[in-house]
Every structure is written in structure tokens, then in C-alpha cells.
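**Student:** Input upload.cif, format and content: mmCIF, C-alpha atoms and all ligand atoms.
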```cif
data_query
#
loop_
_atom_site.group_PDB
_atom_site.id
_atom_site.type_symbol
_atom_site.label_atom_id
_atom_site.label_comp_id
_atom_site.auth_asym_id
_atom_site.auth_seq_id
_atom_site.Cartn_x
_atom_site.Cartn_y
_atom_site.Cartn_z
ATOM 1 C CA MET D 1 0.000 0.000 0.000
ATOM 2 C CA SER D 2 1.326 3.459 -0.826
ATOM 3 C CA ARG D 3 2.591 5.771 1.909
ATOM 4 C CA LEU D 4 -0.130 8.016 3.257
ATOM 5 C CA ARG D 5 0.767 11.710 3.126
ATOM 6 C CA LEU D 6 0.310 13.828 6.253
ATOM 7 C CA GLY D 7 -0.639 17.487 5.926
ATOM 8 C CA ILE D 8 -0.398 19.542 9.099
ATOM 9 C CA ASN D 9 -2.991 22.237 9.661
ATOM 10 C CA ILE D 10 -1.405 25.113 11.606
ATOM 11 C CA ASP D 11 -4.514 27.301 11.999
ATOM 12 C CA HIS D 12 -4.725 26.921 15.746
ATOM 13 C CA VAL D 13 -1.162 28.035 16.338
ATOM 14 C CA ALA D 14 -2.463 31.310 14.911
ATOM 15 C CA THR D 15 -5.529 31.087 17.185
ATOM 16 C CA VAL D 16 -3.233 31.135 20.234
ATOM 17 C CA ARG D 17 -1.118 33.933 18.745
ATOM 18 C CA ASN D 18 -4.189 36.042 18.047
ATOM 19 C CA ALA D 19 -5.444 35.633 21.617
ATOM 20 C CA ARG D 20 -2.832 38.221 22.609
ATOM 21 C CA GLY D 21 -2.518 40.059 19.331
ATOM 22 C CA GLY D 22 1.276 39.721 19.047
ATOM 23 C CA ALA D 23 3.525 37.490 16.975
ATOM 24 C CA HIS D 24 3.916 34.451 19.269
ATOM 25 C CA PRO D 25 3.411 31.564 18.673
ATOM 26 C CA CYS D 26 4.232 31.962 14.994
ATOM 27 C CA PRO D 27 2.406 29.637 12.555
ATOM 28 C CA VAL D 28 5.302 29.827 10.096
ATOM 29 C CA ARG D 29 7.636 28.551 12.817
ATOM 30 C CA ALA D 30 5.112 25.762 13.462
ATOM 31 C CA ALA D 31 5.167 24.907 9.754
ATOM 32 C CA LYS D 32 8.970 24.661 9.909
ATOM 33 C CA ALA D 33 8.704 22.371 12.949
ATOM 34 C CA ALA D 34 6.147 20.256 11.078
ATOM 35 C CA ALA D 35 8.549 19.958 8.152
ATOM 36 C CA ALA D 36 11.326 18.884 10.543
ATOM 37 C CA ALA D 37 8.989 16.235 11.991
ATOM 38 C CA GLY D 38 8.316 14.695 8.587
ATOM 39 C CA ALA D 39 5.085 16.378 7.452
ATOM 40 C CA ASP D 40 4.384 16.113 3.737
ATOM 41 C CA GLY D 41 2.493 19.381 3.476
ATOM 42 C CA ILE D 42 1.156 22.386 5.364
ATOM 43 C CA THR D 43 -2.520 23.317 5.441
ATOM 44 C CA ALA D 44 -3.836 26.752 6.385
ATOM 45 C CA HIS D 45 -7.392 28.121 6.253
ATOM 46 C CA LEU D 46 -7.774 31.828 5.616
ATOM 47 C CA ARG D 47 -11.271 32.508 6.912
ATOM 48 C CA GLU D 48 -13.322 35.495 5.917
ATOM 49 C CA ASP D 49 -13.124 36.888 9.475
ATOM 50 C CA ARG D 50 -9.340 36.161 9.763
ATOM 51 C CA ARG D 51 -9.931 34.577 13.155
ATOM 52 C CA HIS D 52 -6.711 32.578 12.981
ATOM 53 C CA ILE D 53 -4.552 32.636 9.826
ATOM 54 C CA ARG D 54 -3.981 36.148 8.435
ATOM 55 C CA ASP D 55 -3.140 37.302 4.921
ATOM 56 C CA ALA D 56 0.512 37.907 5.821
ATOM 57 C CA ASP D 57 0.825 34.326 7.101
ATOM 58 C CA ILE D 58 -0.153 32.976 3.685
ATOM 59 C CA GLY D 59 2.514 35.087 1.962
ATOM 60 C CA ARG D 60 5.160 33.930 4.420
ATOM 61 C CA LEU D 61 4.153 30.268 4.174
ATOM 62 C CA VAL D 62 4.451 30.350 0.378
ATOM 63 C CA GLU D 63 7.841 32.089 0.536
ATOM 64 C CA GLU D 64 9.498 30.409 3.506
ATOM 65 C CA ILE D 65 8.227 26.830 3.561
ATOM 66 C CA ALA D 66 9.562 24.262 1.118
ATOM 67 C CA LEU D 67 6.620 21.885 1.655
ATOM 68 C CA PRO D 68 3.526 22.170 -0.560
ATOM 69 C CA LEU D 69 0.919 24.555 0.858
ATOM 70 C CA ASN D 70 -2.718 23.473 0.867
ATOM 71 C CA PHE D 71 -4.745 26.689 1.071
ATOM 72 C CA GLU D 72 -8.191 26.078 2.579
ATOM 73 C CA MET D 73 -10.682 28.625 1.361
ATOM 74 C CA ALA D 74 -14.316 29.407 0.725
ATOM 75 C CA ALA D 75 -15.255 29.743 -2.951
ATOM 76 C CA THR D 76 -15.602 33.523 -2.729
ATOM 77 C CA GLU D 77 -14.217 36.117 -5.122
ATOM 78 C CA GLU D 78 -11.961 37.469 -2.370
ATOM 79 C CA MET D 79 -10.403 34.069 -1.620
ATOM 80 C CA VAL D 80 -10.017 33.070 -5.264
ATOM 81 C CA ALA D 81 -8.137 36.362 -5.863
ATOM 82 C CA ILE D 82 -5.832 35.677 -2.890
ATOM 83 C CA ALA D 83 -5.163 32.123 -4.109
ATOM 84 C CA LEU D 84 -4.373 33.383 -7.614
ATOM 85 C CA ARG D 85 -1.952 35.930 -6.151
ATOM 86 C CA HIS D 86 -0.032 33.415 -4.031
ATOM 87 C CA ARG D 87 -0.428 30.301 -6.186
ATOM 88 C CA PRO D 88 -0.232 27.651 -3.453
ATOM 89 C CA HIS D 89 0.341 24.061 -4.510
ATOM 90 C CA ALA D 90 -3.269 23.197 -3.686
ATOM 91 C CA ALA D 91 -6.548 24.808 -2.712
ATOM 92 C CA CYS D 92 -9.181 22.963 -0.708
ATOM 93 C CA ILE D 93 -12.591 24.552 -1.055
ATOM 94 C CA VAL D 94 -14.635 24.399 2.138
ATOM 95 C CA PRO D 95 -18.060 25.736 3.062
ATOM 96 C CA GLU D 96 -17.802 28.666 5.416
ATOM 97 C CA LYS D 97 -20.351 30.177 7.739
ATOM 98 C CA ARG D 98 -19.282 33.137 9.815
ATOM 99 C CA THR D 99 -21.025 31.821 12.916
ATOM 100 C CA GLU D 100 -19.533 28.316 12.978
ATOM 101 C CA VAL D 101 -16.692 27.420 15.344
ATOM 102 C CA THR D 102 -15.098 25.130 12.761
ATOM 103 C CA THR D 103 -16.056 23.724 9.354
ATOM 104 C CA GLU D 104 -19.189 21.873 10.377
ATOM 105 C CA GLY D 105 -20.158 19.941 7.274
ATOM 106 C CA GLY D 106 -18.941 19.230 3.785
ATOM 107 C CA LEU D 107 -19.618 21.338 0.721
ATOM 108 C CA ASP D 108 -22.912 20.850 -1.074
ATOM 109 C CA VAL D 109 -21.342 20.206 -4.468
ATOM 110 C CA VAL D 110 -24.555 18.689 -5.837
ATOM 111 C CA GLY D 111 -26.482 21.900 -5.166
ATOM 112 C CA GLY D 112 -23.600 24.317 -5.745
ATOM 113 C CA GLN D 113 -22.244 23.281 -9.128
ATOM 114 C CA ALA D 114 -22.984 26.596 -10.861
ATOM 115 C CA HIS D 115 -21.151 28.523 -8.142
ATOM 116 C CA LEU D 116 -18.209 26.108 -7.786
ATOM 117 C CA ARG D 117 -17.423 25.343 -11.416
ATOM 118 C CA PRO D 118 -16.004 28.790 -12.364
ATOM 119 C CA ALA D 119 -13.945 29.070 -9.160
ATOM 120 C CA ILE D 120 -12.455 25.604 -9.729
ATOM 121 C CA ALA D 121 -11.673 26.428 -13.357
ATOM 122 C CA ARG D 122 -9.853 29.664 -12.450
ATOM 123 C CA LEU D 123 -7.778 27.956 -9.759
ATOM 124 C CA ALA D 124 -6.965 24.999 -12.007
ATOM 125 C CA GLU D 125 -5.935 27.278 -14.898
ATOM 126 C CA ALA D 126 -3.407 28.865 -12.526
ATOM 127 C CA GLY D 127 -1.914 25.422 -11.871
ATOM 128 C CA ILE D 128 -3.438 25.056 -8.400
ATOM 129 C CA ARG D 129 -4.642 21.535 -7.587
ATOM 130 C CA VAL D 130 -8.214 21.886 -6.366
ATOM 131 C CA SER D 131 -9.873 19.674 -3.813
ATOM 132 C CA LEU D 132 -13.418 19.858 -2.459
ATOM 133 C CA PHE D 133 -14.158 19.136 1.200
ATOM 134 C CA VAL D 134 -17.206 16.867 1.164
ATOM 135 C CA ASP D 135 -19.126 14.537 3.433
ATOM 136 C CA PRO D 136 -18.492 10.857 2.599
ATOM 137 C CA ASP D 137 -21.482 10.725 0.248
ATOM 138 C CA PRO D 138 -20.999 9.170 -3.227
ATOM 139 C CA ALA D 139 -23.401 11.708 -4.791
ATOM 140 C CA GLN D 140 -21.116 14.547 -3.652
ATOM 141 C CA LEU D 141 -18.110 12.760 -5.155
ATOM 142 C CA ASP D 142 -19.886 12.299 -8.484
ATOM 143 C CA ALA D 143 -20.708 16.012 -8.449
ATOM 144 C CA ALA D 144 -17.070 16.879 -7.601
ATOM 145 C CA LEU D 145 -15.936 14.973 -10.665
ATOM 146 C CA ALA D 146 -18.608 16.693 -12.771
ATOM 147 C CA VAL D 147 -17.432 20.189 -11.738
ATOM 148 C CA GLY D 148 -13.824 19.400 -12.596
ATOM 149 C CA ALA D 149 -12.182 18.811 -9.199
ATOM 150 C CA PRO D 150 -9.412 16.185 -9.337
ATOM 151 C CA VAL D 151 -9.361 15.688 -5.553
ATOM 152 C CA VAL D 152 -11.866 15.403 -2.705
ATOM 153 C CA GLU D 153 -11.204 15.577 1.011
ATOM 154 C CA LEU D 154 -13.633 13.417 2.960
ATOM 155 C CA HIS D 155 -14.961 14.993 6.171
ATOM 156 C CA THR D 156 -14.068 12.726 9.107
ATOM 157 C CA GLY D 157 -15.745 14.934 11.735
ATOM 158 C CA ALA D 158 -18.860 12.769 12.141
ATOM 159 C CA TYR D 159 -16.673 9.643 12.530
ATOM 160 C CA CYS D 160 -14.531 11.307 15.206
ATOM 161 C CA GLU D 161 -17.460 12.610 17.222
ATOM 162 C CA VAL D 162 -19.153 9.261 17.911
ATOM 163 C CA GLU D 163 -18.143 5.946 19.458
ATOM 164 C CA GLY D 164 -18.782 2.219 19.218
ATOM 165 C CA ALA D 165 -21.234 0.986 16.569
ATOM 166 C CA GLU D 166 -21.912 4.530 15.380
ATOM 167 C CA ARG D 167 -18.210 5.071 14.776
ATOM 168 C CA ALA D 168 -17.984 1.793 12.876
ATOM 169 C CA HIS D 169 -20.910 2.959 10.728
ATOM 170 C CA GLU D 170 -19.256 6.320 10.002
ATOM 171 C CA LEU D 171 -15.973 4.573 9.199
ATOM 172 C CA GLU D 172 -17.762 2.370 6.697
ATOM 173 C CA ARG D 173 -19.242 5.476 5.028
ATOM 174 C CA ILE D 174 -15.721 6.914 4.668
ATOM 175 C CA ARG D 175 -14.349 3.606 3.383
ATOM 176 C CA ARG D 176 -17.114 3.286 0.765
ATOM 177 C CA ALA D 177 -16.803 6.902 -0.332
ATOM 178 C CA ALA D 178 -13.017 6.570 -0.700
ATOM 179 C CA ALA D 179 -13.443 3.386 -2.757
ATOM 180 C CA HIS D 180 -16.052 5.083 -4.933
ATOM 181 C CA GLY D 181 -13.841 8.157 -5.380
ATOM 182 C CA ALA D 182 -10.874 6.066 -6.467
ATOM 183 C CA ALA D 183 -13.080 4.052 -8.829
ATOM 184 C CA ILE D 184 -14.270 7.198 -10.641
ATOM 185 C CA GLY D 185 -10.755 8.648 -10.800
ATOM 186 C CA LEU D 186 -10.727 11.106 -7.898
ATOM 187 C CA GLU D 187 -7.756 11.386 -5.541
ATOM 188 C CA CYS D 188 -9.194 10.985 -2.037
ATOM 189 C CA HIS D 189 -7.956 12.737 1.076
ATOM 190 C CA ALA D 190 -9.558 12.838 4.529
ATOM 191 C CA GLY D 191 -9.511 15.017 7.599
ATOM 192 C CA HIS D 192 -11.177 16.892 10.422
ATOM 193 C CA GLY D 193 -11.137 16.000 14.089
ATOM 194 C CA LEU D 194 -8.600 13.174 13.791
ATOM 195 C CA ALA D 195 -6.659 12.277 16.942
ATOM 196 C CA PHE D 196 -4.319 9.496 18.110
ATOM 197 C CA ASP D 197 -7.277 7.275 19.048
ATOM 198 C CA SER D 198 -9.171 7.733 15.786
ATOM 199 C CA VAL D 199 -6.525 7.972 13.061
ATOM 200 C CA GLY D 200 -5.666 4.267 12.680
ATOM 201 C CA PRO D 201 -8.842 2.904 11.021
ATOM 202 C CA VAL D 202 -8.926 5.877 8.637
ATOM 203 C CA ALA D 203 -5.231 5.537 7.777
ATOM 204 C CA ALA D 204 -5.837 1.863 6.969
ATOM 205 C CA ILE D 205 -8.251 2.727 4.134
ATOM 206 C CA PRO D 206 -6.132 1.875 1.078
ATOM 207 C CA THR D 207 -7.785 4.332 -1.331
ATOM 208 C CA LEU D 208 -6.900 7.363 0.797
ATOM 209 C CA VAL D 209 -3.668 9.144 -0.120
ATOM 210 C CA GLU D 210 -3.536 12.072 2.319
ATOM 211 C CA LEU D 211 -4.766 13.064 5.784
ATOM 212 C CA ASN D 212 -4.945 16.648 7.028
ATOM 213 C CA ILE D 213 -4.741 17.046 10.791
ATOM 214 C CA GLY D 214 -4.495 20.166 12.945
ATOM 215 C CA HIS D 215 -6.398 20.947 16.110
ATOM 216 C CA PHE D 216 -5.543 17.784 18.041
ATOM 217 C CA LEU D 217 -1.834 18.091 17.233
ATOM 218 C CA VAL D 218 -1.645 21.739 18.261
ATOM 219 C CA GLY D 219 -3.364 20.812 21.536
ATOM 220 C CA GLU D 220 -1.074 17.844 22.080
ATOM 221 C CA ALA D 221 1.930 20.080 21.399
ATOM 222 C CA ILE D 222 1.240 21.810 24.724
ATOM 223 C CA PHE D 223 2.135 18.565 26.505
ATOM 224 C CA THR D 224 4.755 16.944 24.307
ATOM 225 C CA GLY D 225 5.879 19.548 21.767
ATOM 226 C CA LEU D 226 4.670 19.813 18.191
ATOM 227 C CA GLU D 227 7.381 17.700 16.587
ATOM 228 C CA ALA D 228 6.862 14.792 19.003
ATOM 229 C CA ALA D 229 3.085 14.954 18.477
ATOM 230 C CA ILE D 230 3.485 14.875 14.692
ATOM 231 C CA ARG D 231 6.002 12.010 14.853
ATOM 232 C CA ARG D 232 3.584 9.969 16.959
ATOM 233 C CA MET D 233 0.726 10.652 14.524
ATOM 234 C CA ARG D 234 2.982 9.673 11.619
ATOM 235 C CA ALA D 235 3.936 6.436 13.396
ATOM 236 C CA LEU D 236 0.286 5.554 14.105
ATOM 237 C CA MET D 237 -0.600 6.147 10.444
ATOM 238 C CA ASP D 238 2.302 4.027 9.224
ATOM 239 C CA GLU D 239 1.488 1.220 11.682
ATOM 240 C CA ALA D 240 -2.179 1.136 10.609
ATOM 241 C CA ARG D 241 -1.189 1.137 6.949
ATOM 242 C CA ALA D 242 1.385 -1.637 7.438
ATOM 243 C CA THR D 243 -1.045 -3.787 9.432
ATOM 244 C CA ALA D 244 -3.832 -3.338 6.866
ATOM 245 C CA GLY D 245 -1.490 -4.168 4.008
ATOM 246 C CA ALA D 246 -0.055 -7.243 5.722
HETATM 247 N N1 LIG W 301 -9.432 19.447 6.515
HETATM 248 C C1 LIG W 301 -10.303 20.478 6.380
HETATM 249 C C2 LIG W 301 -10.909 20.710 5.038
HETATM 250 C C3 LIG W 301 -10.588 21.346 7.451
HETATM 251 O O1 LIG W 301 -11.455 22.356 7.298
HETATM 252 C C4 LIG W 301 -9.929 21.126 8.678
HETATM 253 C C5 LIG W 301 -10.170 22.055 9.817
HETATM 254 O O2 LIG W 301 -9.763 23.337 9.481
HETATM 255 C C6 LIG W 301 -9.030 20.054 8.776
HETATM 256 C C7 LIG W 301 -8.825 19.218 7.678
HETATM 257 C C8 LIG W 301 -8.280 19.760 10.027
HETATM 258 O O3 LIG W 301 -9.175 19.471 11.052
HETATM 259 P P1 LIG W 301 -8.649 19.406 12.557
HETATM 260 O O4 LIG W 301 -8.058 20.748 12.864
HETATM 261 O O5 LIG W 301 -9.878 19.111 13.331
HETATM 262 O O6 LIG W 301 -7.628 18.313 12.599
#
```
Could the structure of this file be written out as C-alpha cells, please?
Ligand code: PXP

**Tutor:**
Amino acid sequence: MSRLRLGINIDHVATVRNARGGAHPCPVRAAKAAAAAGADGITAHLREDRRHIRDADIGRLVEEIALPLNFEMAATEEMVAIALRHRPHAACIVPEKRTEVTTEGGLDVVGGQAHLRPAIARLAEAGIRVSLFVDPDPAQLDAALAVGAPVVELHTGAYCEVEGAERAHELERIRRAAAHGAAIGLECHAGHGLAFDSVGPVAAIPTLVELNIGHFLVGEAIFTGLEAAIRRMRALMDEARATAGA
């Protein structure tokens, strides 16, 4: 089975920085630590209200970090313009409501094709690899393919929030969606809410090629340091992958 890529979301380093309005802790420094710990990419979400990552952070990440940057963004004119200016390696389009604490559900690609198609085309023409953050629903994946997205990121939030039989059910939804995505030619990623105790079964899904993980690792960094937290996550992913492939 191929090695699963790990993208580190550094948004919540910026959340802590912004709590005091200064420059510490610096998300660019966190991205450098993530690179040192073996991350394959850096993910940052520039929200409309700039509650964590700021415009200047995006510029610095593009200039100072050698790893590919995955720019999470809403499909708004403002965000498309910023992406076209900085040309990150990838852009992951997410739904965004000003009132939500985090990205609560996947994009409605089925209902939003007219709105998404032009944004995807402009990003793709600039050489930016576009992914759509969707719930693990085959209809959303079919729509993603139809609007020209080469990649989807499957929302793992529902899986992470429940336990026992419900978690097994949510895992099966992710597994089926990832198999369907691969079968129709989409590259499938996954993320949201993943932690040490939930990453293994997701990492073992052979048709996933990338996980994006942030909040848990930034929280864990308080106790063990960011690099140690990322190394442990990497090891758990590799173990799950090796066991599943054995
Ligand atoms: N992927 C996407 C598309 C997201 O919106 C987020 C949260 O910003 C993540 C991954 C990472 O989620 P978490 O911070 O819960 O690990």
C-alpha cells in the first residue's frame, strides 16, 4: 500500500497567537517544525473573518516553507483572488459560515455546481490543484468529478465525534466513499477532528492518499511539543497502513 501523506494544519497556532494580538506563537515557525517532523504538506485556512490565519501568514508560508501549501478557502471572489496571487500548490474549497466554530459539514457540491465550477476552473488554470471538502457521500463525489475537481477531502468529523457501533458505521461510510472516489478517478484525502485514538482505522483505508490534521496536534503540542506529536501521529498512520497491508 502506498505511503499516506500527512498534511499539518497550523490554523490553531495562529488562534493562540491572536489571543494576545502579538507574533507568538508563529504559525510559520510551526510549519517549519512540522517539516522537521516529517510532514508532507502544510494546510492553512484563511477565513473570511481572519480569526486565525492572516493574509501575511499565507505570503510567508508560500515564501518560507519548502513543503507544498494546501490553502483552505471558501469559494468567494476574495479568496479566489488571494489564491491566484499566491499560487499555493493546492486549494481545498470548504463551506464557510461566519457563525460556525469550525467547518461543520462538507460542501454541497450537488447543489452548488454553478457557483463552484467557475472558481475551480480559475484555480486549475493557474496550476493550483483543487480539492473539495465533502461529506463521505458518493453523490457529492460524483458532483465533484462533474465540476472538474481532481481531488476530494472526505470529512471525518462525524466519525470522530461518535463511538462504538456509530463510529464503525461512520468509518464504513468513509471507506465506501473513498473506494467510490478512487473508482471514478478522484484522488481521495480525509480530515477533520482526527486524533491518536481515531486515526488508525482511517489511515488503513487503502484508497486514501492524504490526511490533514491540525487541532488535536496543536493541543497535544502543549504537553509533548509539536514535533513529538506529529512524529507519533505519523507512526500511528504508518502502523495502521502496514497492518492493513499485511
Ligand atoms: N481538513 C479540512 C478541510 C478542514 O477544514 C480542517 C479544519 O480546518 C481540517 C482538515 C483539520 O481538522 P482538525 O483541525 O480538526 O484536525

**Student:** Residues within 12 Å of (0.3, 34.4, 18.9), file coordinates, counting all atoms listed in the file: what are they? Give the list as a ChimeraX atom specification.

**Tutor:** /D:10-30,51-54,57

**Student:** Starting from the displayed file, determine the output of the PyMOL selection byres (((chain D and resi 228) around 12) and not hetatm) and express the residue list as a list in words.

**Tutor:** Ala33, Ala34, Ala36, Ala37, Gly38, Ala39, Leu217, Val218, Glu220, Ala221, Ile222, Phe223, Thr224, Gly225, Leu226, Glu227, Ala229, Ile230, Arg231, Arg232, Met233, Arg234 and Ala235 of chain D

**Student:** Could you work out how far CA of Val199 (chain D) lies from CA of Val109 (chain D), giving the answer in Å with one decimal?

**Tutor:**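 Between CA of Val109 (chain D) and CA of Val199 (chain D) the gap is 26.0 Å.
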
**Student:** Kindly give the distance, in Å, that separates CA of Glu63 (chain D) and atom P1 of ligand LIG 301 (chain W), rounded to a single decimal.

**Tutor:**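 Between these atoms lies a distance of 24.0 Å.
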
**Student:** Enumerate as JSON, numbers by chain the residues within 10 Å of ligand LIG 301 (chain W), counting only C-alpha atoms and all ligand atoms.

**Tutor:** {"D": [7, 8, 9, 10, 11, 12, 43, 44, 45, 46, 47, 70, 71, 72, 73, 91, 92, 93, 94, 95, 96, 101, 102, 103, 104, 105, 106, 107, 131, 132, 133, 134, 152, 153, 154, 155, 156, 157, 160, 189, 190, 191, 192, 193, 194, 195, 211, 212, 213, 214, 215, 216, 217, 218, 219]}

**Student:** Let's have the selection written as a compact mmCIF listing (two decimals), keeping the file's coordinate frame, with C-alpha atoms.

**Tutor:**
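What follows is the written file part-v3.txt:
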```
# COMPACT_ATOMS: atom_id res chain seq x y z
CA GLY D 7 -0.64 17.49 5.93
CA ILE D 8 -0.40 19.54 9.10
CA ASN D 9 -2.99 22.24 9.66
CA ILE D 10 -1.40 25.11 11.61
CA ASP D 11 -4.51 27.30 12.00
CA HIS D 12 -4.72 26.92 15.75
CA THR D 43 -2.52 23.32 5.44
CA ALA D 44 -3.84 26.75 6.38
CA HIS D 45 -7.39 28.12 6.25
CA LEU D 46 -7.77 31.83 5.62
CA ARG D 47 -11.27 32.51 6.91
CA ASN D 70 -2.72 23.47 0.87
CA PHE D 71 -4.74 26.69 1.07
CA GLU D 72 -8.19 26.08 2.58
CA MET D 73 -10.68 28.62 1.36
CA ALA D 91 -6.55 24.81 -2.71
CA CYS D 92 -9.18 22.96 -0.71
CA ILE D 93 -12.59 24.55 -1.06
CA VAL D 94 -14.64 24.40 2.14
CA PRO D 95 -18.06 25.74 3.06
CA GLU D 96 -17.80 28.67 5.42
CA VAL D 101 -16.69 27.42 15.34
CA THR D 102 -15.10 25.13 12.76
CA THR D 103 -16.06 23.72 9.35
CA GLU D 104 -19.19 21.87 10.38
CA GLY D 105 -20.16 19.94 7.27
CA GLY D 106 -18.94 19.23 3.78
CA LEU D 107 -19.62 21.34 0.72
CA SER D 131 -9.87 19.67 -3.81
CA LEU D 132 -13.42 19.86 -2.46
CA PHE D 133 -14.16 19.14 1.20
CA VAL D 134 -17.21 16.87 1.16
CA VAL D 152 -11.87 15.40 -2.70
CA GLU D 153 -11.20 15.58 1.01
CA LEU D 154 -13.63 13.42 2.96
CA HIS D 155 -14.96 14.99 6.17
CA THR D 156 -14.07 12.73 9.11
CA GLY D 157 -15.74 14.93 11.74
CA CYS D 160 -14.53 11.31 15.21
CA HIS D 189 -7.96 12.74 1.08
CA ALA D 190 -9.56 12.84 4.53
CA GLY D 191 -9.51 15.02 7.60
CA HIS D 192 -11.18 16.89 10.42
CA GLY D 193 -11.14 16.00 14.09
CA LEU D 194 -8.60 13.17 13.79
CA ALA D 195 -6.66 12.28 16.94
CA LEU D 211 -4.77 13.06 5.78
CA ASN D 212 -4.94 16.65 7.03
CA ILE D 213 -4.74 17.05 10.79
CA GLY D 214 -4.50 20.17 12.94
CA HIS D 215 -6.40 20.95 16.11
CA PHE D 216 -5.54 17.78 18.04
CA LEU D 217 -1.83 18.09 17.23
CA VAL D 218 -1.64 21.74 18.26
CA GLY D 219 -3.36 20.81 21.54
```

**Student:** For this structure, which residues satisfy the selection - the PyMOL selection byres (((chain D and resi 122-130) around 7) and not hetatm) - when it is evaluated on the file as given? I want them as JSON, numbers by chain.

**Tutor:** {"D": [84, 87, 88, 89, 90, 91, 92, 118, 119, 120, 121, 131, 132, 149, 150, 151]}

**Student:** Write out as a PyMOL selection string which residues come within 10 Å of Ile65 (chain D) when counting all atoms listed in the file, dropping same-chain ones fewer than 3 positions away.

**Tutor:** chain D and resi 28-29+31-32+35+41-42+60-62+68-69

**Student:** For the residues selected in the previous step, produce a file with C-alpha atoms as a compact mmCIF listing (two decimals), keeping the file's coordinate frame.

**Tutor:**
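So the final result, stored in part34.txt, reads:
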```txt
# COMPACT_ATOMS: atom_id res chain seq x y z
CA VAL D 28 5.30 29.83 10.10
CA ARG D 29 7.64 28.55 12.82
CA ALA D 31 5.17 24.91 9.75
CA LYS D 32 8.97 24.66 9.91
CA ALA D 35 8.55 19.96 8.15
CA GLY D 41 2.49 19.38 3.48
CA ILE D 42 1.16 22.39 5.36
CA ARG D 60 5.16 33.93 4.42
CA LEU D 61 4.15 30.27 4.17
CA VAL D 62 4.45 30.35 0.38
CA PRO D 68 3.53 22.17 -0.56
CA LEU D 69 0.92 24.56 0.86
```

**Student:** In Å to one decimal, how far is CA of Gly200 (chain D) from CA of Glu166 (chain D)?

**Tutor:**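 The value is 16.5 Å.
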